[in-house]
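Student: There's a structure below that I have some questions on.
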Amino acid sequence: MNAQNQIDQAHPVQTYSPREFHRQAHDALGNPQIRGNFRKAMDGLMTKRRDSFEGWDVETLRELGANIRMRALAKLPDLLEQLEANCQANGIRVHWAEDGEEACRIIREICQSHDAKLVIKGKSMVSEEMHLNAHLEEAGIEALESDLGEYLVQLNEQTPSHIIMPAIHLNTDEISEIMHDKTGTERTRDVDYMTAAARQQLRERFMAADVGVSGVNFAVAETGTLCLVENEGNGRMTTTVPPVHIAVTGIEKVVEHLRDVPPLYALLTRSATGQQVTTYFNMISSPRKEGEHDGPKEVHLVLVDSGRSRIYQDDELLDTLRCIRCGACMNHCPVYTRVGGHTYGTTYPGPIGSILSPHMMGLEETKDLPTASSLCGACGEVCPVKIPIPDLLVRLRREAVGEGRGNVAGAGVKRTRTEAAAWKGFQWMATHPGVWRSGTAVVGKLRALTPGKLGAWTDYRTAPKPAGKTLHAMIKQHQVDKSRLDKSDKEPR
Amino acid sequence: MSARDAILKRLRERADGSLSAPESDFAVVTERGWSPDERLARFERCITSVHGEVVHTSREEWSDALVRVLADKGVRRLALGREHPVAVEARQALADADVALVDVDRDIEAWQREQFESVDAGLTSIGGAIAETGSLWLWPTPDEPRLLSLVPPIHVAVLDADTLEDTFFDVVERHGWANGMPTNALLISGPSKTADIEQTLAYGVHGPRELVVLVRHIDADTEDSE
């Protein structure tokens with residue numbers, strides 16, 4: 001009872017929005033439970049990642065990873081057509097969706113054509129991005145997550161707080177409480193017991209499921225193969241047990257050759273969880289063939305654009321699409337570690353989310369996300385495909401206050417006339433030395449009048465005061481003093 | 001215009017112009033120069049570090065080792081193929097043992113619940129293994145279907161020591177995987193696991209709780225006589 005109360009306080013079931021980033025960050029920072037859970041997890045993940053690359057020429061491997069992804073993007077339209085042709089030749093049906101809504105509709109219609117009542121899901125961030133579960137529920141189709149972390153988060157009526165470890169915000173006691181509450185298991189700290197209970201519960205549902213929905217880690221154009229990376233086996237279950245398998249993925253996940261896959265896989269597992277390799281690497285190239293005894297009889301691939309082709313237009317933004325969704329950037333981000341994943345209010349949290357979400361939702365919704373960074377550079381340093389995340393954060397900050405032209409939806413949303421005029425004035429002053437000198441001299445004289453409160457800036461800081469003497473004046477003084485000294489040096493001793 | 005055509009059109013008419021594709025150098029993921037012994041040692045170290053078990057045996061005596069493993073683990077019902085030499089030999093060796101043999105060459109629809117609930121272990125042959133990461137690779141067949149290595153709580157895999165290769169890249173290249181992929185190809189590195197409950201490792205969350213690899217060596221005697 002007491003424990004329950006504590007948990008209710010710690011994790012009120014609430015919805016998060018990127019519009020409320022500041023308020024949510026403030027709340028999260030005041031929550032020692034959240035901060036403790038994330039700190040512990042992120043510290044562990046950073047150490048494991050470092051250890052797992054021991055003995056590797058990491059730079060060369062990252063260079064290769066970036067290079068493979070750049071090649072795939074350079075040939076993207078051709079590779080998508082090749083992927084489609086090869087999948088179709090293998091018997092996989094391929095669908096295209098402009099946005100999440102269209103993708104949801106396609107998936108729902110496939111489900112309805114099979115009179116599906118229960119859809120079981122392997123982990124798929126794209127399906128989170130398009131709110132597939134809610135869409136299916138509205139149509140009277142139950143969508144059940146089978147990845148243990150996703151299952152727990154779904155039981156708790158939450159969304160994932162990390163793209164690889166969805167339940168990282170919950171600790172053992174909280175999970176025990178959730179399972180007890182929703183599934184009737186004993187309260188315990190025994191992780192094996194809870195895991196076994198979830199296995200039991202989910203196996204029944206695997207057998208009953210009409211359709212399995214999964215994501216895709218790499219889609220190989222050359223062979224029409226869908227690759228899935230996982231440890232639990234729920235991905236294999238989802239793609240093998242139900243009679244229909246629907247894989248859903250962003251259009252950028254395609255790679256050219258099968259040989260492009262091993263380096264990306266090596267980078268992905270080490271960057272994500274510090275593993276040399278995951279338990280399963282599942283490569284699917286066709287539905288069940290004549291004479292085979294298991295596997296789905298129908299396999300569908302849904303390719304979703306959802307803002308990606310817009311990112312694709314711009315040489316600088318393009319790098320965003322190299323991402324292989326490892327989560328290393330969030331594991332190493334000092335901001336993410338302190339505020340947690342839900343604070344961002346988006347499907348993809350952390351640095352990658354801050355450079356991806358604005359394109360999917362527009363800067364109007366996400367204007368604060370590019371500022372959720374100290375620009376320390378850790379994200380860019382660990383990114384396995386060398387995405388210059390800090391540069392892209394700065395680019396989006398610039399887009400938010402810019403004139404609103406260019407490739408980013410909602411550009412210019414943070415622009416105000418006063419700020420624009422102030423910077424214009426500053427620019428004029430700074431390029432007119434006479435005005436600059438007399439202006440700064442006046443400011444120095446009037447320093448006593450500087451206000452002590454400067455909005456949010458001074459919530460946690462003391463307001464800066466202009467110096468009494470400008471740098472120019474001090475340099476001038478210094479030069480005068482110096483020439484006097486020089487003169488005295490030259491006098492004979 | 002269809003979504004497909006609209007998306008492809010936008011990608012082709014890229015605002016910042018067409019992109020040039022860089023070449024890739026794969027040297028960093030190929031050929032480690034390990035000797036067969038080093039390869040085997042590395043494979044064993046990696047797969048046991050993630051909770052896999054390795055039993056060394058020979059091509060002649062491996063089925064005795066299988067009988068012992070099954071007895072140790074209390075396996076009463078073993079699912080296995082019928083045609084692969086591994087399955088043929090196992091069936092012979094187990095003819096008198098106290099283990100019921102479950103046929104898998106039938107459509108899953110006919111026996112799904114039986115497979116999920118009353119099979120203790122699944123036996124499969126293995127295509128080969130990867131030393132660098134301690135991974136087994138397999139291409140399931142009608143004789144040894146996909147779920148055989150996934151649904152039963154114990155997976156017993158039979159691996160020939162001389163099929164070890166250095167890296168995943170080497171396997172893909174040397175076996176010409178790009179020339180034709182099967183319905184499903186798999187890498188398996190240990191039993192099913194999760195760390196979703198506060199980073200605590202737990203095994204057997206969805207797939208097998210245990211993975212036993214019987215590594216078959218070519219007998220010294222046999223080698224001499226060849």
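To be explicit about the labels: the chains of the structure tokens are called A, B, and onward in the order shown, and within each one the residues are counted from 1, while ligands get numbers from 1 in the order they are shown.
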Using only C-alpha atoms, find the residues of chain A whose closest atom to chain B is at most 6 Å away, then write them as a PyMOL selection string.

Tutor: chain A and resi 71+74+77+96-98+149+171-172+192+195+199+231-234+258+262+279-286+292-294+313-314

Student: Output N, CA and C atoms for every residue in the selection just made, as a PDB file, in the first residue's frame.

Tutor:
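To be explicit, this is the file written out as result_28.pdb:
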```pdb
ATOM      1  N   ARG A  71      26.868   5.923 -48.644  1.00  0.00           N
ATOM      2  CA  ARG A  71      26.691   5.294 -49.960  1.00  0.00           C
ATOM      3  C   ARG A  71      25.234   4.922 -50.164  1.00  0.00           C
ATOM      4  N   ALA A  74      23.306   8.040 -50.843  1.00  0.00           N
ATOM      5  CA  ALA A  74      23.606   8.593 -52.167  1.00  0.00           C
ATOM      6  C   ALA A  74      22.790   7.886 -53.248  1.00  0.00           C
ATOM      7  N   PRO A  77      17.084   6.434 -53.834  1.00  0.00           N
ATOM      8  CA  PRO A  77      15.912   6.074 -54.649  1.00  0.00           C
ATOM      9  C   PRO A  77      16.127   4.774 -55.433  1.00  0.00           C
ATOM     10  N   TRP A  96       4.094   1.514 -49.628  1.00  0.00           N
ATOM     11  CA  TRP A  96       4.755   2.801 -49.382  1.00  0.00           C
ATOM     12  C   TRP A  96       3.779   3.722 -48.676  1.00  0.00           C
ATOM     13  N   ALA A  97       4.281   4.470 -47.705  1.00  0.00           N
ATOM     14  CA  ALA A  97       3.414   5.404 -46.983  1.00  0.00           C
ATOM     15  C   ALA A  97       4.090   6.762 -46.880  1.00  0.00           C
ATOM     16  N   GLU A  98       3.331   7.812 -47.222  1.00  0.00           N
ATOM     17  CA  GLU A  98       3.866   9.176 -47.136  1.00  0.00           C
ATOM     18  C   GLU A  98       4.113   9.576 -45.682  1.00  0.00           C
ATOM     19  N   GLY A 149      10.778  -4.983 -22.051  1.00  0.00           N
ATOM     20  CA  GLY A 149      10.729  -3.587 -21.627  1.00  0.00           C
ATOM     21  C   GLY A 149       9.480  -2.880 -22.153  1.00  0.00           C
ATOM     22  N   ASN A 171      12.652   1.027 -11.909  1.00  0.00           N
ATOM     23  CA  ASN A 171      13.558   0.131 -11.212  1.00  0.00           C
ATOM     24  C   ASN A 171      12.820  -1.150 -10.819  1.00  0.00           C
ATOM     25  N   THR A 172      13.560  -2.100 -10.229  1.00  0.00           N
ATOM     26  CA  THR A 172      13.013  -3.435  -9.972  1.00  0.00           C
ATOM     27  C   THR A 172      11.738  -3.384  -9.130  1.00  0.00           C
ATOM     28  N   ASP A 192      14.476 -13.161 -12.156  1.00  0.00           N
ATOM     29  CA  ASP A 192      14.214 -14.404 -12.895  1.00  0.00           C
ATOM     30  C   ASP A 192      12.742 -14.799 -12.810  1.00  0.00           C
ATOM     31  N   THR A 195      10.787 -12.428 -15.051  1.00  0.00           N
ATOM     32  CA  THR A 195      11.034 -12.733 -16.459  1.00  0.00           C
ATOM     33  C   THR A 195      10.283 -13.996 -16.873  1.00  0.00           C
ATOM     34  N   ARG A 199       7.371 -14.445 -19.675  1.00  0.00           N
ATOM     35  CA  ARG A 199       7.510 -15.450 -20.738  1.00  0.00           C
ATOM     36  C   ARG A 199       6.218 -16.246 -20.874  1.00  0.00           C
ATOM     37  N   ASN A 231      17.941  -9.546 -28.505  1.00  0.00           N
ATOM     38  CA  ASN A 231      18.478 -10.476 -27.512  1.00  0.00           C
ATOM     39  C   ASN A 231      17.436 -11.452 -26.987  1.00  0.00           C
ATOM     40  N   GLU A 232      16.177 -11.038 -27.003  1.00  0.00           N
ATOM     41  CA  GLU A 232      15.170 -11.782 -26.250  1.00  0.00           C
ATOM     42  C   GLU A 232      14.593 -12.975 -26.996  1.00  0.00           C
ATOM     43  N   GLY A 233      14.488 -12.841 -28.336  1.00  0.00           N
ATOM     44  CA  GLY A 233      13.821 -13.880 -29.104  1.00  0.00           C
ATOM     45  C   GLY A 233      12.382 -13.510 -29.422  1.00  0.00           C
ATOM     46  N   ASN A 234      11.913 -12.411 -28.843  1.00  0.00           N
ATOM     47  CA  ASN A 234      10.535 -11.986 -29.155  1.00  0.00           C
ATOM     48  C   ASN A 234      10.425 -11.518 -30.601  1.00  0.00           C
ATOM     49  N   LEU A 258      24.651  -7.016 -48.963  1.00  0.00           N
ATOM     50  CA  LEU A 258      24.638  -7.840 -47.763  1.00  0.00           C
ATOM     51  C   LEU A 258      25.941  -7.645 -46.976  1.00  0.00           C
ATOM     52  N   PRO A 262      27.528  -6.630 -41.866  1.00  0.00           N
ATOM     53  CA  PRO A 262      28.375  -6.964 -40.700  1.00  0.00           C
ATOM     54  C   PRO A 262      29.028  -5.765 -40.008  1.00  0.00           C
ATOM     55  N   THR A 279      22.108 -11.730 -28.980  1.00  0.00           N
ATOM     56  CA  THR A 279      21.796 -13.156 -29.019  1.00  0.00           C
ATOM     57  C   THR A 279      21.317 -13.586 -30.409  1.00  0.00           C
ATOM     58  N   TYR A 280      20.450 -12.773 -30.998  1.00  0.00           N
ATOM     59  CA  TYR A 280      19.923 -13.163 -32.311  1.00  0.00           C
ATOM     60  C   TYR A 280      20.163 -12.092 -33.354  1.00  0.00           C
ATOM     61  N   PHE A 281      20.532 -12.549 -34.539  1.00  0.00           N
ATOM     62  CA  PHE A 281      20.504 -11.707 -35.726  1.00  0.00           C
ATOM     63  C   PHE A 281      19.652 -12.457 -36.731  1.00  0.00           C
ATOM     64  N   ASN A 282      18.495 -11.886 -37.022  1.00  0.00           N
ATOM     65  CA  ASN A 282      17.431 -12.587 -37.733  1.00  0.00           C
ATOM     66  C   ASN A 282      17.289 -11.980 -39.121  1.00  0.00           C
ATOM     67  N   MET A 283      17.545 -12.774 -40.158  1.00  0.00           N
ATOM     68  CA  MET A 283      17.506 -12.251 -41.532  1.00  0.00           C
ATOM     69  C   MET A 283      16.370 -12.921 -42.294  1.00  0.00           C
ATOM     70  N   ILE A 284      15.388 -12.126 -42.661  1.00  0.00           N
ATOM     71  CA  ILE A 284      14.179 -12.658 -43.283  1.00  0.00           C
ATOM     72  C   ILE A 284      14.132 -12.248 -44.742  1.00  0.00           C
ATOM     73  N   SER A 285      13.999 -13.225 -45.632  1.00  0.00           N
ATOM     74  CA  SER A 285      13.988 -12.892 -47.059  1.00  0.00           C
ATOM     75  C   SER A 285      12.717 -13.313 -47.780  1.00  0.00           C
ATOM     76  N   SER A 286      11.864 -14.078 -47.109  1.00  0.00           N
ATOM     77  CA  SER A 286      10.628 -14.464 -47.809  1.00  0.00           C
ATOM     78  C   SER A 286       9.617 -15.031 -46.829  1.00  0.00           C
ATOM     79  N   GLU A 292       7.891 -25.829 -46.575  1.00  0.00           N
ATOM     80  CA  GLU A 292       8.389 -25.425 -45.252  1.00  0.00           C
ATOM     81  C   GLU A 292       7.257 -25.548 -44.234  1.00  0.00           C
ATOM     82  N   HIS A 293       7.636 -25.752 -42.961  1.00  0.00           N
ATOM     83  CA  HIS A 293       6.616 -26.115 -41.968  1.00  0.00           C
ATOM     84  C   HIS A 293       6.242 -25.015 -40.995  1.00  0.00           C
ATOM     85  N   ASP A 294       7.038 -23.940 -40.956  1.00  0.00           N
ATOM     86  CA  ASP A 294       6.643 -22.838 -40.077  1.00  0.00           C
ATOM     87  C   ASP A 294       7.032 -21.508 -40.714  1.00  0.00           C
ATOM     88  N   GLN A 313      16.654  16.429 -48.686  1.00  0.00           N
ATOM     89  CA  GLN A 313      16.889  17.482 -49.674  1.00  0.00           C
ATOM     90  C   GLN A 313      18.150  18.296 -49.382  1.00  0.00           C
ATOM     91  N   ASP A 314      18.570  18.342 -48.117  1.00  0.00           N
ATOM     92  CA  ASP A 314      19.568  19.311 -47.661  1.00  0.00           C
ATOM     93  C   ASP A 314      20.897  18.626 -47.338  1.00  0.00           C
TER      94      ASP A 314
END
```

Student: Using DSSP on the backbone, list every residue of region 188-416 of chain A that comes out as strand (DSSP E or B), and give them as an MDAnalysis selection string.

Tutor: chainID A and resid 211:214 218:220 225:230 244:250 254:255 280:284 298:304

Student: Once you have the residues from the selection above, write them out as a short mmCIF file (atom, residue, chain, number, x, y, z; two decimals), in the first residue's frame, restricted to N, CA and C atoms.

Tutor:
```
data_model
loop_
_atom_site.label_atom_id
_atom_site.label_comp_id
_atom_site.auth_asym_id
_atom_site.auth_seq_id
_atom_site.Cartn_x
_atom_site.Cartn_y
_atom_site.Cartn_z
N VAL A 211 -1.45 -11.56 -36.25
CA VAL A 211 -0.46 -10.84 -37.05
C VAL A 211 0.71 -10.46 -36.15
N GLY A 212 1.92 -10.52 -36.70
CA GLY A 212 3.10 -10.02 -35.99
C GLY A 212 3.60 -8.77 -36.68
N VAL A 213 3.88 -7.72 -35.90
CA VAL A 213 4.42 -6.48 -36.47
C VAL A 213 5.82 -6.25 -35.90
N SER A 214 6.78 -6.04 -36.78
CA SER A 214 8.15 -5.79 -36.31
C SER A 214 8.71 -4.56 -37.00
N PHE A 218 18.10 -3.31 -40.69
CA PHE A 218 18.71 -3.04 -41.99
C PHE A 218 17.88 -3.76 -43.04
N ALA A 219 17.57 -3.08 -44.14
CA ALA A 219 16.89 -3.71 -45.26
C ALA A 219 17.89 -3.78 -46.41
N VAL A 220 18.19 -5.00 -46.86
CA VAL A 220 19.26 -5.18 -47.85
C VAL A 220 18.68 -5.19 -49.26
N THR A 225 16.38 -8.61 -48.20
CA THR A 225 16.42 -9.22 -46.88
C THR A 225 16.16 -8.19 -45.78
N LEU A 226 15.35 -8.56 -44.80
CA LEU A 226 15.06 -7.69 -43.66
C LEU A 226 15.82 -8.23 -42.46
N CYS A 227 16.67 -7.39 -41.85
CA CYS A 227 17.49 -7.84 -40.72
C CYS A 227 16.95 -7.27 -39.41
N LEU A 228 16.85 -8.13 -38.41
CA LEU A 228 16.38 -7.71 -37.09
C LEU A 228 17.39 -8.10 -36.02
N VAL A 229 17.70 -7.17 -35.15
CA VAL A 229 18.71 -7.35 -34.11
C VAL A 229 18.00 -7.43 -32.76
N GLU A 230 18.29 -8.47 -31.99
CA GLU A 230 17.61 -8.58 -30.69
C GLU A 230 18.30 -9.59 -29.78
N VAL A 244 0.81 -14.03 -40.29
CA VAL A 244 1.13 -12.86 -41.12
C VAL A 244 2.19 -12.03 -40.39
N HIS A 245 3.20 -11.60 -41.14
CA HIS A 245 4.22 -10.72 -40.57
C HIS A 245 4.22 -9.41 -41.35
N ILE A 246 4.10 -8.30 -40.62
CA ILE A 246 4.22 -6.98 -41.24
C ILE A 246 5.45 -6.29 -40.66
N ALA A 247 6.42 -5.98 -41.52
CA ALA A 247 7.60 -5.23 -41.08
C ALA A 247 7.41 -3.79 -41.50
N VAL A 248 7.68 -2.87 -40.58
CA VAL A 248 7.49 -1.46 -40.90
C VAL A 248 8.79 -0.72 -40.63
N THR A 249 9.18 0.14 -41.58
CA THR A 249 10.47 0.81 -41.41
C THR A 249 10.53 2.13 -42.16
N GLY A 250 11.41 3.01 -41.73
CA GLY A 250 11.65 4.26 -42.43
C GLY A 250 12.40 3.98 -43.73
N VAL A 254 17.55 1.32 -45.66
CA VAL A 254 18.05 0.42 -46.68
C VAL A 254 19.58 0.50 -46.79
N VAL A 255 20.23 -0.64 -47.02
CA VAL A 255 21.65 -0.66 -47.37
C VAL A 255 21.81 -1.39 -48.71
N TYR A 280 20.45 -12.77 -31.00
CA TYR A 280 19.92 -13.16 -32.31
C TYR A 280 20.16 -12.09 -33.35
N PHE A 281 20.53 -12.55 -34.54
CA PHE A 281 20.50 -11.71 -35.73
C PHE A 281 19.65 -12.46 -36.73
N ASN A 282 18.49 -11.89 -37.02
CA ASN A 282 17.43 -12.59 -37.73
C ASN A 282 17.29 -11.98 -39.12
N MET A 283 17.55 -12.77 -40.16
CA MET A 283 17.51 -12.25 -41.53
C MET A 283 16.37 -12.92 -42.29
N ILE A 284 15.39 -12.13 -42.66
CA ILE A 284 14.18 -12.66 -43.28
C ILE A 284 14.13 -12.25 -44.74
N GLU A 298 2.41 -14.96 -45.09
CA GLU A 298 2.43 -13.66 -45.77
C GLU A 298 3.42 -12.76 -45.06
N VAL A 299 4.27 -12.09 -45.82
CA VAL A 299 5.16 -11.08 -45.24
C VAL A 299 4.96 -9.77 -46.01
N HIS A 300 4.76 -8.70 -45.25
CA HIS A 300 4.59 -7.37 -45.84
C HIS A 300 5.70 -6.46 -45.36
N LEU A 301 6.12 -5.56 -46.22
CA LEU A 301 7.07 -4.52 -45.82
C LEU A 301 6.42 -3.16 -46.07
N VAL A 302 6.32 -2.35 -45.03
CA VAL A 302 5.75 -1.00 -45.18
C VAL A 302 6.88 0.02 -45.05
N LEU A 303 7.12 0.76 -46.13
CA LEU A 303 8.18 1.77 -46.15
C LEU A 303 7.56 3.14 -45.87
N VAL A 304 8.02 3.79 -44.81
CA VAL A 304 7.41 5.04 -44.37
C VAL A 304 8.35 6.22 -44.61
#
```

Student: Find the residue from A:Lys465, A:Arg398, A:Lys75, A:Arg325 that sits nearest to Tyr312 (chain A); use only C-alpha atoms when measuring.

Tutor: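 Answer, going by the shortest atom-to-atom distance: A:Lys75.
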
Student: For Gln92 (chain B), work out the shell of residues within 12 Å, counting only C-alpha atoms and skipping chain neighbours fewer than 4 positions away, then give it as a VMD selection string.

Tutor: chain B and resid 63 to 64 66 to 67 82 85 to 88 96 to 97 99 101

Student: With a distance cut-off of 7 Å and only C-alpha atoms, select the neighbouring residues of Val158 (chain B), excluding the residue or stretch itself and same-chain residues fewer than 4 positions from it, and output the selection as a compact mmCIF listing (two decimals) with C-alpha atoms, in the first residue's frame.

Tutor:
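Wrote result_36.txt, looks like this:
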```txt
# COMPACT_ATOMS: atom_id res chain seq x y z
CA THR B 124 19.72 -28.69 -34.75
CA SER B 125 22.67 -28.93 -37.05
CA ILE B 126 24.67 -25.74 -37.55
CA VAL B 213 26.95 -26.44 -28.37
CA LEU B 214 28.39 -29.87 -29.08
CA VAL B 215 31.65 -29.10 -30.87
```

Student: What is the CA of Lys121 (chain A) to CA of Glu145 (chain A) distance in Å?

Tutor: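 Value for the CA of Lys121 (chain A)-CA of Glu145 (chain A) distance: 4.8 Å.
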
Student: If you run DSSP on the backbone, which residues of region 145-209 of chain B are alpha helix (DSSP H), as an MDAnalysis selection string?

Tutor: chainID B and resid 168:174

Student: Take the residues from that selection and put them in a file with N, CA and C atoms, as a JSON list (two decimals), in the first residue's frame.

Tutor:
```
[["chain", "number", "residue", "atom", "x", "y", "z"],
["B", 168, "PHE", "N", 31.90, -12.42, -39.11],
["B", 168, "PHE", "CA", 30.61, -12.48, -39.80],
["B", 168, "PHE", "C", 30.79, -12.09, -41.27],
["B", 169, "PHE", "N", 31.58, -11.05, -41.49],
["B", 169, "PHE", "CA", 31.85, -10.59, -42.86],
["B", 169, "PHE", "C", 32.44, -11.74, -43.69],
["B", 170, "ASP", "N", 33.39, -12.47, -43.09],
["B", 170, "ASP", "CA", 34.02, -13.59, -43.81],
["B", 170, "ASP", "C", 32.99, -14.65, -44.19],
["B", 171, "VAL", "N", 32.05, -14.92, -43.29],
["B", 171, "VAL", "CA", 31.02, -15.93, -43.58],
["B", 171, "VAL", "C", 30.16, -15.48, -44.76],
["B", 172, "VAL", "N", 29.71, -14.24, -44.71],
["B", 172, "VAL", "CA", 28.85, -13.71, -45.78],
["B", 172, "VAL", "C", 29.57, -13.77, -47.12],
["B", 173, "GLU", "N", 30.85, -13.39, -47.12],
["B", 173, "GLU", "CA", 31.60, -13.35, -48.38],
["B", 173, "GLU", "C", 31.97, -14.74, -48.89],
["B", 174, "ARG", "N", 32.52, -15.59, -48.01],
["B", 174, "ARG", "CA", 33.02, -16.88, -48.46],
["B", 174, "ARG", "C", 31.92, -17.83, -48.89]]
```

Student: Just to confirm, what's the straight-line distance from CA of Ala121 (chain B) to CA of Pro242 (chain A) in Å (one decimal)?

Tutor: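 Atom-to-atom, CA of Ala121 (chain B) and CA of Pro242 (chain A) are spaced 21.6 Å apart.
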
Student: Just the residues within 9 Å of Glu101 (chain A), please, counting only C-alpha atoms, with nothing from its chain fewer than 4 positions along; format it as a list in words.

Tutor: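 My reading of the contact set: Ala97, Arg105, Ile106, Met130, His131, Leu132 and His135 of chain A.
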
Student: For those residues, write N, CA and C atoms to a file as a short mmCIF file (atom, residue, chain, number, x, y, z; two decimals), in the first residue's frame.

Tutor:
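Ended up saving to again-v4.cif:
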```cif
data_model
loop_
_atom_site.label_atom_id
_atom_site.label_comp_id
_atom_site.auth_asym_id
_atom_site.auth_seq_id
_atom_site.Cartn_x
_atom_site.Cartn_y
_atom_site.Cartn_z
N ALA A 97 4.28 4.47 -47.70
CA ALA A 97 3.41 5.40 -46.98
C ALA A 97 4.09 6.76 -46.88
N ARG A 105 -2.87 3.14 -41.64
CA ARG A 105 -4.03 2.67 -42.41
C ARG A 105 -3.68 1.39 -43.18
N ILE A 106 -2.51 1.37 -43.80
CA ILE A 106 -2.09 0.19 -44.56
C ILE A 106 -2.03 -1.03 -43.65
N MET A 130 4.46 6.48 -35.21
CA MET A 130 3.17 6.70 -35.88
C MET A 130 1.98 6.35 -34.98
N HIS A 131 2.27 6.03 -33.71
CA HIS A 131 1.21 5.69 -32.75
C HIS A 131 0.32 4.56 -33.26
N LEU A 132 0.99 3.53 -33.77
CA LEU A 132 0.26 2.41 -34.37
C LEU A 132 -0.68 1.73 -33.38
N HIS A 135 -3.90 3.49 -32.96
CA HIS A 135 -4.68 3.40 -34.19
C HIS A 135 -5.37 2.03 -34.29
#
```
